[in-house]
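Here the structure is laid out as structure tokens; the discussion comes afterwards.
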Amino acid sequence: MKSIPTVTTALKGGEWLIKESSPIETFTPEDISEEQKMILEMAHQFMNTYVLPNMERADKMEPGFMRSLLERTAEQGLSGTTVPEQYGGFGKDFLTNGIIMEGLGYGGGFSVAYYVHTGIGSMPILYFGTEEQRQKYVNKLATCEWVGAYGLTEPGSGSDALGAKTTATLSADGKYYLLNGQKSWISNGGFADVFTIFAKIDGDKFTAFIVERNFEGFTVGAEEHKMGIKSSSTVPLFYQDCKVPVENVLGEIGKGHLIAFNVLNNGRFKLGAATTGASKVNTTRAVQYAATREQFKTPIANFGAVKYKLGEMAIRTWVHESAIYRASKMINDKEEELLAAGEPFNKAFLVASEEYAIECAMLKVSGSETLDFIVDEALQIHGGNGFSDEYPISRAYRDSRINRIFEGTNEINRLLSVDMTLKRAMKGKLDVMSAAVVVSKELMSIPEFGNEDETAFAKEKKYISNFKKAILLVPGAAVQKYMTALDKEQEILMNIADMFINTYLSESALLRLMKLSETYGDAATKYQTDIVYTYIYDSAERILKAGKEAINRFAEGDELSMMHVGLRRFTKVAPFNTIAARRRIAEKMIQENRYCF
């Protein structure tokens, strides 16, 4: 019987689905350098010194305060980290930037302001601008002399970015483009100096423009009153014959979608990294509250129901973190490979980000939903106090919710992860169909028993291999059923995406555990083993459910029965005492009084 092929070299984007990874070559949080550890600690110190003590002050939108915080990040060397030195930055690599995002990711509106300024507020000009545009704008953005923002969303177009109505018309003298229209929900818009704005030239050529705050015809609207991230400036922007010099066209005319979508690839990863830090901090808050809050003459941390919540919070955080660091190093290595081959810095970055766009979409979903789960359960542990603004978990709960909408909704990102995989398969870049054929033939065979591999983690590796077969079973049959109309079956695609995410995260966590075990031994990784085994066990159920929902939609008769048999076979795992595992994980955190994995 054939099996999914293995490799020991770096995988291309999406290849995790059809090939195995080596734990030795998988980057983990334990592999970061001493310098990167110092940078992460510096980010935490910044948060503890300047941000967390001033959250109330920030929420009141005190004029100039948020801008002063951004300026302090520049003073501390935490802004402009990936900007090349010739443009006023520090020239750090992609991996280091992700580490900084984790360290600064739990500051609510501040984190959003920083994330927007250093990301979508600056990157379009850095990576798509002319040399003259970079010299004029990027130096000021890298040092936070100027603050950046990004205008894509409109009242009538959110996920459908190309449906924008803002227009740009060349002036009679040919010196300006006159912008007319409105943008909405623009982060940093209330105090930003420079904006990347998208409009359609002659009504159809979707194009990006660099717009300065003082340009004639440009007006900033009033601050929005939001449920969360209250300290983040969020405003509408209005353009009435706004005069934008022709030299401020960003990129090629009619190619604005390339800027919008490529910037979002990186933004999704950065959001996933930021939610890692926020998940750890809010898990710690829950642990510390549970250890001090007494009911029935005992700390509530002693109750099994609370231990379940704490254990699950730690599991999801650790697993997501494993996937983030795995992907970040792959993107980093691809960028460095391209730089070594002589590609300019902007092309190297954009190609590397696009290569792993599938992973970035999944990680955005995973990170935002992990954090949402954690703040929800942490608030529940706080009980009525969690509903009070006197406790930070109340703000964390409100602030978290936007992450499932930012950078493309989670629904869009789920659809994208599957759509990009199928498109790469159809273009021959990803040999998914051959692997799917192997799996379909395996369904007709009798499972082999005996002579089981008894090497370390062999059983768990087999589970992951089978999860991938379960995935390949579903889209292979769905494509045959619907052909090009599959994109209309969004429920099926969402089911497949959930199978993707659970499998990618399970594999990332197992690879990290295998590497840790090889380095430190089984005794030193007993809690991490509990984390991984529990996550894999639960993922099997989630993958089975998603798979059944999908095939129940399009299969019937003997095909339906056969596919159900296959799904059960590929998601079968040995019984595991997850209750005891979660208790051990929770008790370790209670002992340490923090998230400690």
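Just so we're on the same page: first chain in the structure tokens is A, next is B, and so on; residues restart at 1 for each chain, and ligands are numbered from 1 in the order they show up.
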
DSSP-assigned helix (DSSP H, G or I) among segment 4-158 of chain A, expressed as JSON, numbers by chain: {"A": [15, 16, 17, 29, 30, 31, 34, 35, 36, 37, 38, 39, 40, 41, 42, 43, 44, 45, 46, 47, 48, 49, 50, 51, 52, 53, 54, 55, 56, 57, 58, 59, 65, 66, 67, 68, 69, 70, 71, 72, 73, 74, 75, 85, 86, 87, 94, 95, 96, 97, 98, 99, 100, 101, 102, 103, 109, 110, 111, 112, 113, 114, 115, 116, 117, 118, 123, 124, 125, 126, 127, 128, 131, 132, 133, 134, 135, 136, 137, 138, 139, 140, 141, 142]}

Find the spatial neighbours of Gly304 of chain A, counting only C-alpha atoms, within a cut-off of 12 Å - ignore same-chain residues fewer than 3 positions away - and output them as a short mmCIF file (atom, residue, chain, number, x, y, z; two decimals) with all heavy atoms, in the first residue's frame.
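Wrote result-v5.cif, looks like this:
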```cif
data_model
loop_
_atom_site.label_atom_id
_atom_site.label_comp_id
_atom_site.auth_asym_id
_atom_site.auth_seq_id
_atom_site.Cartn_x
_atom_site.Cartn_y
_atom_site.Cartn_z
N ALA A 290 -8.13 32.45 39.55
CA ALA A 290 -8.68 31.20 40.07
C ALA A 290 -7.97 30.75 41.34
O ALA A 290 -8.57 30.10 42.21
CB ALA A 290 -8.58 30.11 39.00
N PRO A 299 -10.10 27.72 47.07
CA PRO A 299 -9.88 28.43 45.79
C PRO A 299 -10.60 27.71 44.66
O PRO A 299 -10.59 26.46 44.59
CB PRO A 299 -8.36 28.38 45.61
CG PRO A 299 -7.82 28.21 46.99
CD PRO A 299 -8.82 27.36 47.72
N ILE A 300 -11.20 28.47 43.77
CA ILE A 300 -11.92 27.83 42.66
C ILE A 300 -10.99 27.07 41.73
O ILE A 300 -11.44 26.24 40.94
CB ILE A 300 -12.75 28.86 41.87
CG1 ILE A 300 -11.85 29.91 41.20
CG2 ILE A 300 -13.79 29.51 42.76
CD1 ILE A 300 -12.62 30.85 40.27
N ALA A 301 -9.68 27.34 41.82
CA ALA A 301 -8.71 26.59 41.02
C ALA A 301 -8.72 25.10 41.38
O ALA A 301 -8.24 24.27 40.60
CB ALA A 301 -7.30 27.15 41.22
N LYS A 307 -10.38 23.63 36.33
CA LYS A 307 -9.14 23.03 35.81
C LYS A 307 -9.31 22.66 34.33
O LYS A 307 -8.36 22.80 33.54
CB LYS A 307 -8.76 21.80 36.63
CG LYS A 307 -8.24 22.12 38.01
CD LYS A 307 -7.87 20.84 38.77
CE LYS A 307 -7.35 21.17 40.17
NZ LYS A 307 -7.01 19.96 40.94
N TYR A 308 -10.49 22.20 33.97
CA TYR A 308 -10.74 21.89 32.56
C TYR A 308 -10.52 23.13 31.71
O TYR A 308 -9.86 23.08 30.66
CB TYR A 308 -12.16 21.38 32.37
CG TYR A 308 -12.51 21.08 30.93
CD1 TYR A 308 -12.38 19.80 30.41
CD2 TYR A 308 -12.93 22.09 30.06
CE1 TYR A 308 -12.67 19.53 29.08
CE2 TYR A 308 -13.22 21.84 28.73
CZ TYR A 308 -13.09 20.56 28.25
OH TYR A 308 -13.36 20.31 26.94
N LYS A 309 -11.09 24.25 32.14
CA LYS A 309 -10.96 25.48 31.36
C LYS A 309 -9.50 25.92 31.27
O LYS A 309 -9.00 26.25 30.18
CB LYS A 309 -11.80 26.60 32.00
CG LYS A 309 -13.30 26.36 31.98
CD LYS A 309 -14.04 27.50 32.67
CE LYS A 309 -15.54 27.22 32.78
NZ LYS A 309 -16.19 27.11 31.47
N LEU A 310 -8.81 25.92 32.39
CA LEU A 310 -7.41 26.36 32.39
C LEU A 310 -6.55 25.44 31.52
O LEU A 310 -5.69 25.92 30.76
CB LEU A 310 -6.87 26.37 33.82
CG LEU A 310 -7.52 27.37 34.79
CD1 LEU A 310 -6.94 27.19 36.19
CD2 LEU A 310 -7.32 28.80 34.31
N GLY A 311 -6.78 24.14 31.64
CA GLY A 311 -6.01 23.20 30.83
C GLY A 311 -6.23 23.40 29.35
O GLY A 311 -5.29 23.41 28.54
N ILE A 579 -9.25 14.15 30.53
CA ILE A 579 -9.58 14.83 31.79
C ILE A 579 -8.36 14.89 32.70
O ILE A 579 -8.01 15.95 33.24
CB ILE A 579 -10.76 14.13 32.49
CG1 ILE A 579 -12.05 14.32 31.67
CG2 ILE A 579 -10.94 14.68 33.91
CD1 ILE A 579 -13.25 13.59 32.24
N ALA A 580 -7.69 13.74 32.86
CA ALA A 580 -6.50 13.71 33.70
C ALA A 580 -5.39 14.59 33.12
O ALA A 580 -4.67 15.27 33.85
CB ALA A 580 -6.01 12.27 33.86
N ALA A 581 -5.26 14.58 31.79
CA ALA A 581 -4.21 15.39 31.16
C ALA A 581 -4.45 16.88 31.39
O ALA A 581 -3.53 17.62 31.74
CB ALA A 581 -4.16 15.09 29.66
N ARG A 582 -5.70 17.32 31.21
CA ARG A 582 -5.99 18.74 31.44
C ARG A 582 -5.76 19.12 32.90
O ARG A 582 -5.32 20.23 33.20
CB ARG A 582 -7.42 19.06 31.03
CG ARG A 582 -7.64 19.16 29.52
CD ARG A 582 -8.99 19.78 29.19
NE ARG A 582 -9.23 19.75 27.75
CZ ARG A 582 -9.77 18.74 27.10
NH1 ARG A 582 -10.12 17.64 27.77
NH2 ARG A 582 -9.95 18.80 25.80
N ARG A 583 -6.10 18.22 33.79
CA ARG A 583 -5.87 18.51 35.21
C ARG A 583 -4.38 18.69 35.50
O ARG A 583 -4.00 19.61 36.23
CB ARG A 583 -6.44 17.38 36.08
CG ARG A 583 -7.94 17.41 36.21
CD ARG A 583 -8.40 16.46 37.31
NE ARG A 583 -9.84 16.53 37.49
CZ ARG A 583 -10.49 15.97 38.51
NH1 ARG A 583 -9.81 15.28 39.42
NH2 ARG A 583 -11.80 16.08 38.61
N ARG A 584 -3.57 17.83 34.93
CA ARG A 584 -2.12 17.95 35.16
C ARG A 584 -1.59 19.27 34.62
O ARG A 584 -0.76 19.94 35.25
CB ARG A 584 -1.39 16.77 34.52
CG ARG A 584 -1.61 15.44 35.22
CD ARG A 584 -0.68 14.36 34.69
NE ARG A 584 -0.98 13.97 33.32
CZ ARG A 584 -1.76 12.95 32.97
NH1 ARG A 584 -2.36 12.23 33.92
NH2 ARG A 584 -1.96 12.64 31.71
N ALA A 586 -3.31 22.07 34.14
CA ALA A 586 -3.82 23.16 34.97
C ALA A 586 -3.08 23.23 36.30
O ALA A 586 -2.73 24.34 36.76
CB ALA A 586 -5.32 22.97 35.20
N GLU A 587 -2.85 22.09 36.92
CA GLU A 587 -2.19 22.08 38.23
C GLU A 587 -0.76 22.59 38.13
O GLU A 587 -0.26 23.23 39.06
CB GLU A 587 -2.24 20.67 38.81
CG GLU A 587 -3.64 20.30 39.30
CD GLU A 587 -3.84 18.81 39.52
OE1 GLU A 587 -2.87 18.04 39.30
OE2 GLU A 587 -4.96 18.41 39.87
#
```

Residues within 12 Å of Ser417 of chain A, only C-alpha atoms, excluding chain neighbours under 6 positions, as an MDAnalysis selection string: chainID A and resid 13:14 17 265 356:365 408 410:411 423:424 493:501 504

Nearest-residue call for Pro392 of chain A, choices A:Thr484, A:Thr292, A:Asn332, A:Thr284, using only C-alpha atoms: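 When distances to Pro392 of chain A are compared using only C-alpha atoms, the smallest one comes from A:Thr284.
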
Neighbours of Val112 of chain A within 12 Å (only C-alpha atoms; same-chain residues fewer than 6 positions away dropped), as a compact mmCIF listing (two decimals) with all heavy atoms, in the first residue's frame?
```
# COMPACT_ATOMS: atom_id res chain seq x y z
N MET A 66 -1.72 58.26 22.20
CA MET A 66 -1.39 57.08 21.41
C MET A 66 -0.21 57.35 20.50
O MET A 66 0.67 56.50 20.33
CB MET A 66 -2.60 56.64 20.59
CG MET A 66 -2.37 55.33 19.83
SD MET A 66 -2.00 53.94 20.92
CE MET A 66 -3.57 53.71 21.72
N LEU A 70 3.51 55.34 20.23
CA LEU A 70 4.16 54.88 19.00
C LEU A 70 5.57 55.47 18.88
O LEU A 70 6.50 54.78 18.46
CB LEU A 70 3.31 55.24 17.79
CG LEU A 70 1.97 54.49 17.66
CD1 LEU A 70 1.18 55.02 16.48
CD2 LEU A 70 2.17 53.00 17.55
N MET A 101 5.81 41.17 17.50
CA MET A 101 4.35 41.22 17.48
C MET A 101 3.78 40.43 18.65
O MET A 101 2.79 40.85 19.27
CB MET A 101 3.83 40.66 16.16
CG MET A 101 4.03 41.59 14.96
SD MET A 101 3.35 43.25 15.18
CE MET A 101 1.66 42.90 15.63
N LEU A 104 4.18 42.53 21.86
CA LEU A 104 3.36 43.74 21.96
C LEU A 104 1.89 43.46 21.64
O LEU A 104 1.12 44.40 21.41
CB LEU A 104 3.88 44.80 20.99
CG LEU A 104 5.31 45.30 21.21
CD1 LEU A 104 5.70 46.32 20.14
CD2 LEU A 104 5.48 45.91 22.59
N GLY A 105 1.50 42.20 21.67
CA GLY A 105 0.18 41.82 21.17
C GLY A 105 -0.97 41.88 22.14
O GLY A 105 -2.09 41.54 21.78
N TYR A 106 -0.73 42.29 23.39
CA TYR A 106 -1.81 42.22 24.38
C TYR A 106 -2.15 43.60 24.95
O TYR A 106 -2.59 43.72 26.08
CB TYR A 106 -1.45 41.25 25.51
CG TYR A 106 -0.07 41.43 26.12
CD1 TYR A 106 0.11 42.20 27.27
CD2 TYR A 106 1.04 40.82 25.55
CE1 TYR A 106 1.38 42.35 27.83
CE2 TYR A 106 2.31 40.97 26.10
CZ TYR A 106 2.46 41.74 27.25
OH TYR A 106 3.72 41.89 27.80
N THR A 118 3.01 49.87 11.65
CA THR A 118 4.20 49.16 11.17
C THR A 118 3.88 48.17 10.06
O THR A 118 4.79 47.73 9.35
CB THR A 118 4.88 48.40 12.33
OG1 THR A 118 3.96 47.44 12.88
CG2 THR A 118 5.33 49.35 13.41
N GLY A 119 2.60 47.83 9.91
CA GLY A 119 2.21 46.86 8.89
C GLY A 119 1.58 47.53 7.69
O GLY A 119 2.26 48.12 6.84
N ILE A 120 0.25 47.49 7.63
CA ILE A 120 -0.45 47.99 6.46
C ILE A 120 -0.31 49.50 6.28
O ILE A 120 -0.55 50.02 5.18
CB ILE A 120 -1.94 47.61 6.50
CG1 ILE A 120 -2.62 48.11 7.78
CG2 ILE A 120 -2.11 46.10 6.36
CD1 ILE A 120 -4.10 47.79 7.86
N GLY A 121 0.10 50.21 7.33
CA GLY A 121 0.30 51.64 7.20
C GLY A 121 1.63 52.02 6.56
O GLY A 121 1.78 53.13 6.05
N ALA A 149 -1.54 54.86 7.86
CA ALA A 149 -2.85 54.20 7.90
C ALA A 149 -3.15 53.65 6.51
O ALA A 149 -2.41 53.91 5.54
CB ALA A 149 -3.94 55.16 8.37
N ILE A 186 -11.28 53.15 9.41
CA ILE A 186 -9.85 53.31 9.14
C ILE A 186 -9.08 53.47 10.45
O ILE A 186 -9.16 54.50 11.13
CB ILE A 186 -9.59 54.52 8.21
CG1 ILE A 186 -10.44 54.40 6.95
CG2 ILE A 186 -8.11 54.60 7.87
CD1 ILE A 186 -10.28 53.07 6.19
N SER A 187 -8.34 52.43 10.81
CA SER A 187 -7.54 52.44 12.03
C SER A 187 -6.39 53.45 11.90
O SER A 187 -5.77 53.55 10.84
CB SER A 187 -6.97 51.05 12.31
OG SER A 187 -8.01 50.12 12.51
N ASN A 188 -6.12 54.17 12.99
CA ASN A 188 -5.12 55.24 13.05
C ASN A 188 -5.54 56.48 12.27
O ASN A 188 -4.80 57.47 12.21
CB ASN A 188 -3.74 54.79 12.54
CG ASN A 188 -3.04 53.85 13.48
OD1 ASN A 188 -3.56 53.50 14.54
ND2 ASN A 188 -1.84 53.40 13.11
N GLY A 228 -15.02 47.48 21.40
CA GLY A 228 -13.71 47.21 21.97
C GLY A 228 -12.65 48.06 21.32
O GLY A 228 -12.95 48.99 20.56
N ILE A 229 -11.38 47.74 21.61
CA ILE A 229 -10.22 48.52 21.15
C ILE A 229 -10.55 50.01 21.14
O ILE A 229 -10.32 50.71 20.16
CB ILE A 229 -9.67 48.03 19.79
CG1 ILE A 229 -10.73 48.03 18.69
CG2 ILE A 229 -9.03 46.67 19.93
CD1 ILE A 229 -10.14 47.83 17.28
N LYS A 230 -11.10 50.49 22.25
CA LYS A 230 -11.57 51.88 22.32
C LYS A 230 -10.45 52.89 22.16
O LYS A 230 -10.68 54.02 21.71
CB LYS A 230 -12.31 52.10 23.65
CG LYS A 230 -13.62 51.33 23.76
CD LYS A 230 -14.30 51.60 25.09
CE LYS A 230 -15.63 50.84 25.19
NZ LYS A 230 -16.62 51.32 24.22
N SER A 231 -9.24 52.52 22.55
CA SER A 231 -8.12 53.46 22.44
C SER A 231 -7.56 53.55 21.03
O SER A 231 -6.72 54.39 20.74
CB SER A 231 -7.01 53.08 23.42
OG SER A 231 -6.54 51.77 23.15
N SER A 232 -8.03 52.69 20.16
CA SER A 232 -7.59 52.73 18.76
C SER A 232 -8.44 53.73 17.99
O SER A 232 -9.67 53.67 18.02
CB SER A 232 -7.73 51.35 18.12
OG SER A 232 -7.56 51.40 16.73
N SER A 233 -7.78 54.66 17.31
CA SER A 233 -8.51 55.62 16.50
C SER A 233 -9.12 54.92 15.29
O SER A 233 -8.44 54.22 14.54
CB SER A 233 -7.55 56.72 16.02
OG SER A 233 -8.18 57.55 15.06
N THR A 234 -10.43 55.09 15.11
CA THR A 234 -11.15 54.47 14.00
C THR A 234 -12.11 55.50 13.43
O THR A 234 -13.07 55.91 14.11
CB THR A 234 -11.93 53.23 14.46
OG1 THR A 234 -11.08 52.37 15.21
CG2 THR A 234 -12.48 52.47 13.26
N GLY A 267 -0.18 40.66 6.97
CA GLY A 267 -0.98 41.12 8.08
C GLY A 267 -1.66 39.99 8.82
O GLY A 267 -1.80 40.02 10.05
N LYS A 270 0.90 38.37 11.08
CA LYS A 270 1.23 39.22 12.22
C LYS A 270 0.10 39.21 13.25
O LYS A 270 0.36 39.23 14.46
CB LYS A 270 1.52 40.65 11.75
CG LYS A 270 2.82 40.76 10.94
CD LYS A 270 3.03 42.13 10.37
CE LYS A 270 3.42 43.13 11.43
NZ LYS A 270 3.80 44.44 10.83
N LEU A 271 -1.14 39.15 12.79
CA LEU A 271 -2.24 39.08 13.74
C LEU A 271 -2.18 37.75 14.50
O LEU A 271 -2.42 37.71 15.72
CB LEU A 271 -3.58 39.22 13.00
CG LEU A 271 -4.81 39.44 13.88
CD1 LEU A 271 -5.84 40.27 13.13
CD2 LEU A 271 -5.44 38.13 14.32
N ALA A 274 0.45 38.17 17.13
CA ALA A 274 0.02 39.04 18.23
C ALA A 274 -0.94 38.32 19.17
O ALA A 274 -0.86 38.47 20.40
CB ALA A 274 -0.64 40.30 17.66
N THR A 275 -1.84 37.53 18.62
CA THR A 275 -2.80 36.82 19.48
C THR A 275 -2.11 35.75 20.31
O THR A 275 -2.65 35.36 21.36
CB THR A 275 -3.93 36.18 18.64
OG1 THR A 275 -3.35 35.34 17.63
CG2 THR A 275 -4.80 37.23 17.98
N ASP A 399 -11.87 43.61 23.46
CA ASP A 399 -10.84 43.90 22.46
C ASP A 399 -10.60 42.73 21.51
O ASP A 399 -10.25 42.93 20.35
CB ASP A 399 -9.52 44.27 23.15
CG ASP A 399 -9.57 45.63 23.84
OD1 ASP A 399 -10.51 46.39 23.56
OD2 ASP A 399 -8.66 45.91 24.64
N SER A 400 -10.78 41.52 22.01
CA SER A 400 -10.46 40.34 21.21
C SER A 400 -11.39 40.17 20.01
O SER A 400 -10.97 39.67 18.96
CB SER A 400 -10.53 39.09 22.10
OG SER A 400 -10.44 37.91 21.33
N ILE A 402 -12.67 41.85 17.63
CA ILE A 402 -12.40 42.42 16.32
C ILE A 402 -11.45 41.55 15.50
O ILE A 402 -11.46 41.60 14.27
CB ILE A 402 -11.82 43.86 16.46
CG1 ILE A 402 -11.75 44.56 15.10
CG2 ILE A 402 -10.45 43.83 17.12
CD1 ILE A 402 -13.08 44.74 14.43
N ASN A 403 -10.65 40.73 16.16
CA ASN A 403 -9.64 39.96 15.43
C ASN A 403 -10.23 38.97 14.44
O ASN A 403 -9.57 38.59 13.48
CB ASN A 403 -8.74 39.21 16.42
CG ASN A 403 -7.89 40.14 17.24
OD1 ASN A 403 -7.37 41.13 16.73
ND2 ASN A 403 -7.76 39.86 18.53
N PHE A 406 -10.86 41.62 11.41
CA PHE A 406 -9.65 42.21 10.81
C PHE A 406 -9.03 41.31 9.75
O PHE A 406 -9.10 40.08 9.84
CB PHE A 406 -8.60 42.40 11.90
CG PHE A 406 -8.65 43.72 12.62
CD1 PHE A 406 -8.02 43.85 13.85
CD2 PHE A 406 -9.31 44.82 12.11
CE1 PHE A 406 -8.03 45.05 14.55
CE2 PHE A 406 -9.34 46.02 12.79
CZ PHE A 406 -8.71 46.13 14.01
N GLU A 407 -8.33 41.95 8.80
CA GLU A 407 -7.50 41.24 7.81
C GLU A 407 -8.26 40.17 7.04
O GLU A 407 -7.75 39.10 6.73
CB GLU A 407 -6.28 40.61 8.50
CG GLU A 407 -5.44 41.57 9.31
CD GLU A 407 -4.76 42.64 8.45
OE1 GLU A 407 -4.94 42.63 7.23
OE2 GLU A 407 -4.06 43.48 9.01
```

Residue with smallest distance to Gly103 of chain A - pool A:Gly174, A:Gly277, A:Gly251, A:Pro53, counting only C-alpha atoms: A:Gly277
